[in-house]
Amino acid sequence: MIPAGFEYHRPGDIASAIGILQQHGDEARVIAGGHSLIPMMKLRMAEMGHLVDLQAIDELKGIEVGADTVSLGAMVTQHELITHDGLASAIPLIREAALQIADPQVRYMGTVGGNVANGDPGNDMPGLMQCLNATFDLSGPDGNRSVAARDFYEAAYFTARDDEEILTRISIPVPGAGVGQAYEKQKRKIGDYATAAAAVMVGNGQASVAMTNLADTPIWSDAASAALAAGNVDACVAAMLDAIDPVEDNRGPVEFKKHVAAVMLRRAIARAQSRAS
Amino acid sequence: MNDQTLTPEERAANLKGMGSSRKRVEDVRFTQGKGNYVDDIKLDGMLFGAFVRSPYAHARVVNVNKDAALAVPGVVAVLTAEDLSPLGLHWMPTLAGDKQMVLADGKVLFQGQEVAYVVAEDRYIAADAAELVEVDYEELPVLTDPFEALKSDVVLREDLEGQTEGAHGPRKHHNHIFTWEQGDKDATEAILAEADVVAEEMIYYHRTHPCPLETCGCVASMDKVTGKLTLHGTFQAPHAIRTVVSLISGIAEHNIRVISPDIGGGFGNKVGAYAGYVCSVVASIVTGRPVKWVENRMENLMSTAFARDYWMQGKIAATKDGKITGLWCHTTADHGGFDACADPTKFPAGFMNICTGSYDIPTAYLAVDGVYTNKAPGGVAYRCSFRVTEAAYFIERMIEVLAIKLNMDAAELRRINFIKADQFPYQSALGWEYDSGDYHTAWDKALKAVDYEGLRAEQAQQIEDFKAGKTRKLLGIGLTHFTEIVGAGPVKNCDILGLGMFDSCEIRIHPTGSAIARLGTISQGQGHATTFAQIIASEIGLPADDITLEEGDTDTAPYGLGTYGSRSTPVAGAATAMAARKIRAKAQMIAAYLLEVHDDDVEWDVDRFAVKGAPERFKTMKEIAFAAYNQAIPGLEPGLEAVSYYDPPNMTYPFGAYICVMEIDVDTGEWDVRKFYALDDCGTRINPMIIEGQVHGGVTEALAIAMGQEIAYDEMGNVKTATLMDFFIPTAWETPNYTTDHTVTPSPHHPIGAKGVGESPNVGGVPAFSNAVHDAFRPFGLVQSHMPHDHWRIWRIANGLGMHG
């Protein structure tokens with residue numbers, strides 16, 4: 001439980017952080033809240049010579065709630081997501097999901113940027129951001145670019161982000177009035193990753209459905225979303241069960257996970273529908 | 001202080017003696033972060049040790065190359081079995097009569113086994129250097145199933161090859177350790193053959209782990225000038241550790257001082273001796289500097305003592321109307337790579353022969369076969385007396401299985417088979433003499449408290465609703481009536497490595513009427529400093545607040561066998577009362593002298609001796625204490641102190657009735673404990689608040705075990721549950737609300753009638769939770785499903801019963 005040695009950097013702006021990443025290549029990693037990376041380092045499953053701490057970079061902070069778009073700084077903590085009133089009224093789904101992540105102590109430190117950028121299939125925010133059709137802003141040596149959350153995840157811990165890029169902000173379109181939202185998660189205990197979790201938006205003839213920890217990436221399903229938009233819950237669930245690809249682990253065998261995935265999805269749909277107007 | 005106006009009741013209350021819910025004196029420091037644990041100890045020049053551990057469950061160790069590790073600046077030494085072997089310390093004896101490798105001697109037998117020990121200037125250097133020790137392994141076939149192990153040609157313990165006789169009799173196979181038989185096999189099998197009804201079932205109690213908040217560790221410090229070794233450690237039995245260290249190291253026992261400082265939970269995990277202790281002692285002797293070793297959480301879960309892992313094949317015979325006539329049990333016990341069970345020496349399966357439980361079963365037979373596998377050694381009593389939780393789980397499941405076979409209500413089946421109050425002392429078919437009990441009274445009180453009839457009616461309605469498609473949830477009512485056997489124990493049959501399992505207390509009264517008491521036990525959170533002072537307060541009439549209690553330093557405390565198996569109150573608590581009574585006897589003589597009457601003319605009155613018939617003429621204990629030090633009393637030595645070494649005449653037999661009401665979601669396997677009622681009878685109650693706390697803690701651990709906690713291995717012998725992500729420790733969120741209750745049936749042979757309570761809630765809790773799960777599915781055809789009852793396994797029950805459409 002003691003990590004290998006490393007150099008610690010705390011740059012004050014994004015450009016400096018990128019500079020350090022450029023200088024050290026794959027020897028360097030950025031660290032946000034540290035709740036995924038530090039355990040991996042302590043297990044010596046992740047070893048890097050240089051750790052670039054982003055906490056002193058003001059540009060990565062802050063929640064901005066606009067009429068059409070919400071912008072979250074990458075270093076916004078889960079706790080801040082939960083306690084921000086404007087955010088809770090603009091997109092209640094974020095608060096509902098954040099409350100189901102780990103425990104208060106983790107949520108004080110864990111950040112939304114770290115959660116989405118790490119590419120851990122167990123994390124809740126990636127599926128949520130796919131459901132919300134969020135866009136991730138990346139800064140790198142060649143400038144800035146944006147990648148849709150639905151295009152970001154390639155495999156477990158592999159994303160569209162280049163090694164020398166930093167995920168800086170998350171932009172989320174505010175769902176229209178009348179859209180019902182729900183996040184439903186089954187877990188073994190507080191602090192656990194999901195056995196299965198479902199993020200659902202439905203209303204105004206539209207729908208979006210994503211699930212967590214049921215494949216090596218979060219799963220947003222176009223077919224499932226379209227079926228739900230058309231009001232066909234059974235077809236939505238069937239399409240999603242087609243899309244997921246869970247593996248057996250201590251949470252249970254594949255058959256169980258598929259069963260629970262369907263249950264979570266149906267519950268999330270029912271709750272989201274009850275909130276739609 | 002003028003207390004002449006106080007009534008005897010008021011004076012007794014001021015003592016905060018037995019029966020008082022006195023607040024825990026320990027918590028003043030614990031709640032402020034001022035405890036002093038092993039890892040808080042910092043000695044000048046202290047080095048740190050770290051282990052290189054095997055990634056394989058079974059492999060030959062072909063070569064260990066230390067060069068890269070030794071080249072790291074700050075590395076002082078790297079020890080392997082080769083280095084320990086000239087000292088004869090590459091193996092050590094286990095508590096179970098086996099021997100165990102300290103460092104891998106040619107092969108490894110479980111994942112996480114200690115291979116090399118790196119000693120460095122700080123723990124960071126030690127951890128880095130441990131990574132650099134190069135070990136060449138040659139993988140061997142892995143045996144993780146004890147039944148397979150007994151059939152396999154693969155020899156796990158090559159060191160024992162050809163030895164057909166083990167520490168506990170003949171070995172039937174090269175992976176077999178012992179067979180232990182109790183009761184009458186022929187008579188039991190005859191009863192089974194002729195019985196109206198026989199229920200048969202395999203009851204598996206899975207492997208789990210005590211997982212105390214503080215892991216195991218030590219600081220060894222050899223002073224080369226004085227020749228004295230000081231060993232601080234997380235020891236539940238510091239005196240026994242001193243003797244063991246002396247025997248295996250050759251250091252004279254008077255030159256060894258073992259200190260158990262504050263201990264952050266033990267639950268059996270800290271009873272045995274571990275490689276870390278031996279290596280730290282050796283490293284300190286070699287370097288002449290103190291050496292600290294503290295294991296991390298994964299090391300704790302993977303390598304230090306596990307608990308349970310008993311496969312219990314049961315047969316229970318009864319008449320048509322439910323009177324039990326016989327019980328048969330064959331247990332296959334998975335001990336891992338070495339037999340390091342922490343049991344009294346003559347009991348290789350502990351007190352598993354308490355498995356007739358609370359029932360008057362005239363004929364019974366128990367056999368236990370111990371087996372080697374490629375898993376970590378251990379088999380400790382995790383918050384229970386030796387194998388008593390296994391025994392209680394077995395009989396409480398078998399009762400339920402029999403109830404199904406008889407189509408009877410399980411509460412009624414228990415009632416008609418309980419040992420009756422007038423049968424005590426009761427001689428059990430498997431050899432124990434139960435000291436006291438009143439099971440029917442406790443049972444009726446419990447059923448009434450939860451409105452058992454009402455619960456059954458509600459359950460019936462819910463089953464109807466489920467069948468009608470109105471709900472997807474089921475209600476389970478988990479019943480348990482357990483009887484424990486604790487307080488090991490009588491020296492005539494209980495010893496560990498030849499050390500009789502008595503315990504001790506020494507009390508010194510100071511001139512001003514305060515006192516210090518020292519015991520052979522050691523608190524790990526039980527609150528000894530609070531409760532034992534209460535015993536003394538009631539016995540000698542000095543306020544508990546004026547009594548300091550000390551344990552854990554072998555240079556100052558009297559010899560005792562330590563704290564585990566709920567033995568502190570039954571054994572050391574008895575010693576405390578007996579030592580206090582010796583003081584009171586002397587105090588009586590002093591009082592009589594001061595009052596100028598004959599010894600027999602004074603009588604004890606709460607906190608004083610008064611002249612019989614003249615209560616206004618008295619001497620308080622405080623006055624007597626002062627007199628003991630400032631007056632020459634004819635015929636009496638000065639001073640006021642006493643010591644007692646107590647050898648209990650029998651074990652004690654706490655019991656209880658637990659009822660769990662649980663709701664289960666058949667689609668997700670999620671569960672919700674709606675009610676948990678725990679009635680405990682631990683005899684005389686010393687501190688009701690501490691008892692309640694013990695019950696809350698023990699039931700919570702029982703919840704963990706029954707509902708998810710396990711040490712699971714894959715086929716390669718990899719530990720799948722080595723972190724707290726996968727190893728279930730309930731938080732406040734998962735912990736239900738508990739209702740506690742009690743009856744009081746004192747132990748007739750214990751000086752104050754107390755029986756011990758710390759482990760009852762685990763013993764009773766596990767079957768209560770498990771029976772609730774089983775009971776929920778009983779109407780749909782479930783007979784037996786193994787723990788832990790985590791979500792997917794509960795889902796699997798429902799799925800197997802066709803409840804998913």
# chains A, B, ... in the order shown; residues from 1 in each chain; ligands from 1

call {"tool": "residues_around", "arguments": {"residues": "range 226-233 of chain B", "least_positions_apart": "5", "cutoff": "7 Å", "atoms": "only C-alpha atoms", "output": "VMD selection string"}}
result
chain B and resid 38 217 to 221 255 to 260

call {"tool": "closest_atom_pairs", "arguments": {"of": "chain A", "to": "chain B", "cutoff": "12 Å", "atoms": "only C-alpha atoms", "output": "tab-separated table"}}
result
residue	atom	partner	partner_atom	distance
A:Met1	CA	B:Asn296	CA	6.5
A:Ile2	CA	B:Ala127	CA	6.5
A:Pro3	CA	B:Tyr124	CA	8.2
A:Ala4	CA	B:Asp128	CA	6.4
A:Gly5	CA	B:Asp128	CA	8.2
A:Phe6	CA	B:Asp128	CA	11.9
A:Pro39	CA	B:Thr723	CA	10.7
A:Lys42	CA	B:Ala127	CA	10.5
A:Leu43	CA	B:Met298	CA	9.5
A:Arg44	CA	B:Glu131	CA	9.5
A:Glu47	CA	B:Asp128	CA	11.8
A:Ala102	CA	B:Met725	CA	10.7
A:Asp103	CA	B:Trp733	CA	10.0
A:Pro104	CA	B:Trp733	CA	12.0
A:Lys185	CA	B:Thr668	CA	11.0
A:Gln186	CA	B:Thr668	CA	8.1
A:Lys187	CA	B:His791	CA	8.9
A:Arg188	CA	B:His791	CA	7.1
A:Lys189	CA	B:Glu734	CA	6.9
A:Ile190	CA	B:Trp733	CA	7.0
A:Gly191	CA	B:Met725	CA	7.4
A:Asp192	CA	B:Met725	CA	6.3
A:Tyr193	CA	B:Met725	CA	8.6
A:Ala194	CA	B:Met725	CA	11.7
A:Thr195	CA	B:His791	CA	9.5
A:Ala196	CA	B:Thr668	CA	10.2
A:Glu248	CA	B:Trp792	CA	10.9
A:Asp249	CA	B:Lys720	CA	9.0
A:Asn250	CA	B:Asp726	CA	7.0
A:Arg251	CA	B:Trp792	CA	6.9
A:Gly252	CA	B:Trp792	CA	5.3
A:Pro253	CA	B:Trp792	CA	7.6
A:Val254	CA	B:Trp792	CA	10.1
A:Glu255	CA	B:Arg796	CA	9.6
A:Phe256	CA	B:Trp792	CA	6.3
A:Lys257	CA	B:Trp792	CA	8.3
A:Lys258	CA	B:Thr668	CA	10.7
A:His259	CA	B:Asp667	CA	7.7
A:Val260	CA	B:Thr668	CA	5.8
A:Ala261	CA	B:Thr668	CA	9.4
A:Ala262	CA	B:Asp667	CA	9.8
A:Val263	CA	B:Asp667	CA	7.2
A:Met264	CA	B:Thr668	CA	8.8
A:Arg266	CA	B:Asp667	CA	11.8
A:Arg267	CA	B:Thr668	CA	11.5

call {"tool": "residues_around", "arguments": {"residues": "range 155-167 of chain B", "least_positions_apart": "5", "cutoff": "7 Å", "atoms": "only C-alpha atoms", "output": "JSON, numbers by chain"}}
result
{"B": [97, 98, 174, 175, 177, 178]}

call {"tool": "atom_distance", "arguments": {"atom1": "CA of Ala130 in chain B", "atom2": "CA of Lys66 in chain B"}}
result
9.2 Å

call {"tool": "residues_around", "arguments": {"residues": "Gly19 in chain A", "least_positions_apart": "6", "cutoff": "12 Å", "atoms": "only C-alpha atoms", "output": "count of residues only"}}
result
17

call {"tool": "residues_around", "arguments": {"residues": "Tyr629 in chain B", "least_positions_apart": "6", "cutoff": "12 Å", "atoms": "only C-alpha atoms", "output": "MDAnalysis selection string"}}
result
chainID B and resid 508:513 587 590 622:623 636:641

call {"tool": "write_last_selection", "arguments": {"atoms": "C-alpha atoms", "output": "JSON list (two decimals), in the first residue's frame"}}
result
[["chain", "number", "residue", "atom", "x", "y", "z"],
["B", 508, "ARG", "CA", -3.27, -3.35, 45.02],
["B", 509, "ILE", "CA", -5.18, -0.94, 47.24],
["B", 510, "HIS", "CA", -3.36, 2.34, 47.75],
["B", 511, "PRO", "CA", -3.26, 3.98, 51.20],
["B", 512, "THR", "CA", -5.80, 6.65, 50.24],
["B", 513, "GLY", "CA", -8.33, 4.08, 49.09],
["B", 587, "ALA", "CA", -10.21, -5.73, 55.34],
["B", 590, "ILE", "CA", -8.59, -4.75, 59.93],
["B", 622, "LYS", "CA", -11.15, 3.98, 52.50],
["B", 623, "GLU", "CA", -10.51, 4.09, 56.25],
["B", 636, "LEU", "CA", -1.56, -8.98, 60.06],
["B", 637, "GLU", "CA", 1.04, -7.96, 57.49],
["B", 638, "PRO", "CA", 0.93, -4.32, 56.43],
["B", 639, "GLY", "CA", -0.50, -3.44, 53.03],
["B", 640, "LEU", "CA", -3.64, -4.44, 51.22],
["B", 641, "GLU", "CA", -3.24, -6.40, 48.05]]

call {"tool": "residues_around", "arguments": {"residues": "Ala305 in chain B", "least_positions_apart": "2", "cutoff": "7 Å", "atoms": "only C-alpha atoms", "output": "PyMOL selection string"}}
result
chain B and resi 269+303+307+377-380

call {"tool": "write_last_selection", "arguments": {"atoms": "N, CA, C and O atoms", "output": "PDB file, in the first residue's frame"}}
result
ATOM      1  N   ASN B 269      -8.183 -12.678  15.203  1.00  0.00           N
ATOM      2  CA  ASN B 269      -7.114 -12.521  14.218  1.00  0.00           C
ATOM      3  C   ASN B 269      -5.748 -12.376  14.876  1.00  0.00           C
ATOM      4  O   ASN B 269      -4.725 -12.667  14.270  1.00  0.00           O
ATOM      5  N   SER B 303      -3.289 -13.182   4.257  1.00  0.00           N
ATOM      6  CA  SER B 303      -2.320 -14.087   4.881  1.00  0.00           C
ATOM      7  C   SER B 303      -2.508 -14.326   6.370  1.00  0.00           C
ATOM      8  O   SER B 303      -2.116 -15.379   6.855  1.00  0.00           O
ATOM      9  N   ALA B 307     -11.156 -17.346   9.091  1.00  0.00           N
ATOM     10  CA  ALA B 307     -12.084 -18.034   9.989  1.00  0.00           C
ATOM     11  C   ALA B 307     -13.063 -18.887   9.186  1.00  0.00           C
ATOM     12  O   ALA B 307     -13.300 -18.621   8.013  1.00  0.00           O
ATOM     13  N   PRO B 377      -3.380 -20.215   6.032  1.00  0.00           N
ATOM     14  CA  PRO B 377      -3.679 -20.944   7.269  1.00  0.00           C
ATOM     15  C   PRO B 377      -4.458 -20.064   8.243  1.00  0.00           C
ATOM     16  O   PRO B 377      -4.511 -18.854   8.092  1.00  0.00           O
ATOM     17  N   GLY B 378      -5.026 -20.711   9.242  1.00  0.00           N
ATOM     18  CA  GLY B 378      -5.774 -19.956  10.261  1.00  0.00           C
ATOM     19  C   GLY B 378      -6.824 -20.852  10.869  1.00  0.00           C
ATOM     20  O   GLY B 378      -6.526 -21.922  11.385  1.00  0.00           O
ATOM     21  N   GLY B 379      -8.064 -20.435  10.755  1.00  0.00           N
ATOM     22  CA  GLY B 379      -9.136 -21.195  11.406  1.00  0.00           C
ATOM     23  C   GLY B 379      -9.361 -20.674  12.802  1.00  0.00           C
ATOM     24  O   GLY B 379      -9.521 -21.425  13.750  1.00  0.00           O
ATOM     25  N   VAL B 380      -9.343 -19.330  12.922  1.00  0.00           N
ATOM     26  CA  VAL B 380      -9.473 -18.739  14.247  1.00  0.00           C
ATOM     27  C   VAL B 380     -10.936 -18.529  14.614  1.00  0.00           C
ATOM     28  O   VAL B 380     -11.818 -18.587  13.765  1.00  0.00           O
TER      29      VAL B 380
END

call {"tool": "residues_around", "arguments": {"residues": "Thr356 in chain B", "least_positions_apart": "5", "cutoff": "8 Å", "atoms": "only C-alpha atoms", "output": "PyMOL selection string"}}
result
chain B and resi 327+361+364+391+395+428-430

call {"tool": "select_by_dssp", "arguments": {"residues": "range 260-453 of chain B", "states": "strand (DSSP E or B)", "output": "PyMOL selection string"}}
result
chain B and resi 291-294+306-318+324-336+359+363-372+378-380+418+426-427+433-434

call {"tool": "select_by_dssp", "arguments": {"residues": "range 11-148 of chain A", "states": "helix (DSSP H, G or I)", "output": "number ranges by chain"}}
result
A: 14-27, 37-42, 58-60, 78-83, 85-90, 92-98, 104-109, 112-117, 125-131

call {"tool": "atom_distance", "arguments": {"atom1": "CA of Val62 in chain B", "atom2": "CA of Asp153 in chain B"}}
result
21.8 Å

call {"tool": "atom_distance", "arguments": {"atom1": "CA of Ala13 in chain B", "atom2": "CA of Ser566 in chain B"}}
result
27.2 Å

call {"tool": "closest_residue", "arguments": {"among": "B:Lys675, B:Lys23, B:His786, B:Arg581", "to": "Asp451 in chain B", "atoms": "only C-alpha atoms"}}
result
B:Lys675

call {"tool": "closest_residue", "arguments": {"among": "B:Gly520, B:Gly697, B:Pro212, B:Gly370", "to": "Phe347 in chain B", "atoms": "only C-alpha atoms"}}
result
B:Gly370

call {"tool": "closest_residue", "arguments": {"among": "B:Leu475, B:Val115, B:Val72, B:Val25", "to": "Ala59 in chain B", "atoms": "only C-alpha atoms"}}
result
B:Val115

call {"tool": "decode", "arguments": {"residues": "range 67-176 of chain A", "atoms": "C-alpha atoms", "output": "CSV table (one decimal), in the first residue's frame"}}
result
chain,number,residue,atom,x,y,z
A,67,ALA,CA,-30.2,29.0,-20.2
A,68,ASP,CA,-29.2,26.3,-22.7
A,69,THR,CA,-25.9,24.9,-21.4
A,70,VAL,CA,-24.3,23.9,-18.2
A,71,SER,CA,-20.5,24.1,-18.0
A,72,LEU,CA,-18.7,22.1,-15.4
A,73,GLY,CA,-15.0,22.7,-14.7
A,74,ALA,CA,-13.1,19.4,-14.6
A,75,MET,CA,-12.0,20.0,-11.0
A,76,VAL,CA,-15.5,20.4,-9.7
A,77,THR,CA,-16.0,17.9,-7.0
A,78,GLN,CA,-18.9,15.5,-6.6
A,79,HIS,CA,-19.8,17.4,-3.4
A,80,GLU,CA,-20.0,20.6,-5.3
A,81,LEU,CA,-22.3,19.0,-7.9
A,82,ILE,CA,-24.6,17.9,-5.1
A,83,THR,CA,-24.7,21.2,-3.2
A,84,HIS,CA,-25.1,23.6,-6.2
A,85,ASP,CA,-28.7,24.7,-6.3
A,86,GLY,CA,-28.7,26.1,-9.8
A,87,LEU,CA,-27.4,22.9,-11.2
A,88,ALA,CA,-29.9,20.9,-9.3
A,89,SER,CA,-32.8,22.7,-10.8
A,90,ALA,CA,-31.3,22.9,-14.3
A,91,ILE,CA,-30.3,19.2,-14.5
A,92,PRO,CA,-31.5,17.3,-11.4
A,93,LEU,CA,-30.1,14.0,-12.8
A,94,ILE,CA,-26.6,15.1,-12.0
A,95,ARG,CA,-27.3,15.6,-8.4
A,96,GLU,CA,-29.3,12.4,-8.2
A,97,ALA,CA,-26.4,10.4,-9.7
A,98,ALA,CA,-23.6,12.1,-7.7
A,99,LEU,CA,-25.4,11.2,-4.5
A,100,GLN,CA,-25.0,7.6,-5.4
A,101,ILE,CA,-21.3,7.8,-5.9
A,102,ALA,CA,-19.2,6.3,-3.1
A,103,ASP,CA,-19.5,8.2,0.3
A,104,PRO,CA,-19.3,11.8,1.4
A,105,GLN,CA,-15.6,11.6,2.1
A,106,VAL,CA,-14.8,10.4,-1.4
A,107,ARG,CA,-17.2,13.0,-2.8
A,108,TYR,CA,-15.4,15.8,-1.1
A,109,MET,CA,-12.3,14.9,-3.1
A,110,GLY,CA,-13.5,13.1,-6.2
A,111,THR,CA,-14.0,15.3,-9.3
A,112,VAL,CA,-16.3,15.1,-12.2
A,113,GLY,CA,-13.4,15.5,-14.6
A,114,GLY,CA,-11.4,12.7,-13.1
A,115,ASN,CA,-14.5,10.5,-13.1
A,116,VAL,CA,-15.2,11.0,-16.8
A,117,ALA,CA,-11.6,11.2,-18.0
A,118,ASN,CA,-10.2,8.1,-16.4
A,119,GLY,CA,-12.2,5.7,-18.5
A,120,ASP,CA,-13.0,3.4,-15.6
A,121,PRO,CA,-16.1,1.4,-16.6
A,122,GLY,CA,-17.1,1.4,-13.0
A,123,ASN,CA,-17.4,5.2,-12.8
A,124,ASP,CA,-21.0,6.6,-12.9
A,125,MET,CA,-20.4,10.0,-14.6
A,126,PRO,CA,-19.4,8.6,-18.1
A,127,GLY,CA,-22.7,6.9,-18.6
A,128,LEU,CA,-24.5,9.9,-17.2
A,129,MET,CA,-22.7,12.3,-19.5
A,130,GLN,CA,-23.5,10.0,-22.5
A,131,CYS,CA,-27.2,10.1,-21.5
A,132,LEU,CA,-27.1,13.9,-21.2
A,133,ASN,CA,-25.2,14.1,-24.5
A,134,ALA,CA,-22.4,16.1,-22.9
A,135,THR,CA,-19.3,17.4,-24.7
A,136,PHE,CA,-15.8,17.2,-23.2
A,137,ASP,CA,-13.4,20.1,-23.8
A,138,LEU,CA,-9.7,19.0,-24.2
A,139,SER,CA,-6.6,21.2,-24.2
A,140,GLY,CA,-3.3,19.9,-25.6
A,141,PRO,CA,-0.1,21.1,-27.3
A,142,ASP,CA,-2.0,21.5,-30.5
A,143,GLY,CA,-4.8,23.7,-29.0
A,144,ASN,CA,-8.3,22.9,-27.9
A,145,ARG,CA,-10.9,20.5,-29.2
A,146,SER,CA,-14.2,19.0,-28.1
A,147,VAL,CA,-15.3,15.4,-28.2
A,148,ALA,CA,-18.8,14.2,-27.5
A,149,ALA,CA,-19.1,11.9,-24.5
A,150,ARG,CA,-20.8,9.4,-26.7
A,151,ASP,CA,-17.6,9.2,-28.8
A,152,PHE,CA,-15.1,9.5,-26.0
A,153,TYR,CA,-14.8,5.9,-24.6
A,154,GLU,CA,-12.9,3.3,-26.6
A,155,ALA,CA,-12.2,0.6,-24.0
A,156,ALA,CA,-11.5,0.3,-20.3
A,157,TYR,CA,-9.1,3.1,-19.4
A,158,PHE,CA,-8.7,4.0,-23.2
A,159,THR,CA,-10.4,7.2,-24.4
A,160,ALA,CA,-10.2,9.7,-27.2
A,161,ARG,CA,-8.0,11.9,-25.0
A,162,ASP,CA,-4.3,12.0,-26.1
A,163,ASP,CA,-1.7,11.5,-23.4
A,164,GLU,CA,-0.7,15.1,-23.6
A,165,GLU,CA,-4.2,16.5,-23.4
A,166,ILE,CA,-6.1,17.6,-20.4
A,167,LEU,CA,-9.9,17.4,-20.0
A,168,THR,CA,-10.7,20.9,-19.0
A,169,ARG,CA,-14.5,21.4,-19.0
A,170,ILE,CA,-17.7,19.5,-19.6
A,171,SER,CA,-20.6,21.2,-21.5
A,172,ILE,CA,-24.1,19.8,-21.1
A,173,PRO,CA,-27.2,20.9,-22.9
A,174,VAL,CA,-30.0,21.7,-20.5
A,175,PRO,CA,-32.8,19.2,-21.2
A,176,GLY,CA,-36.0,21.0,-22.1
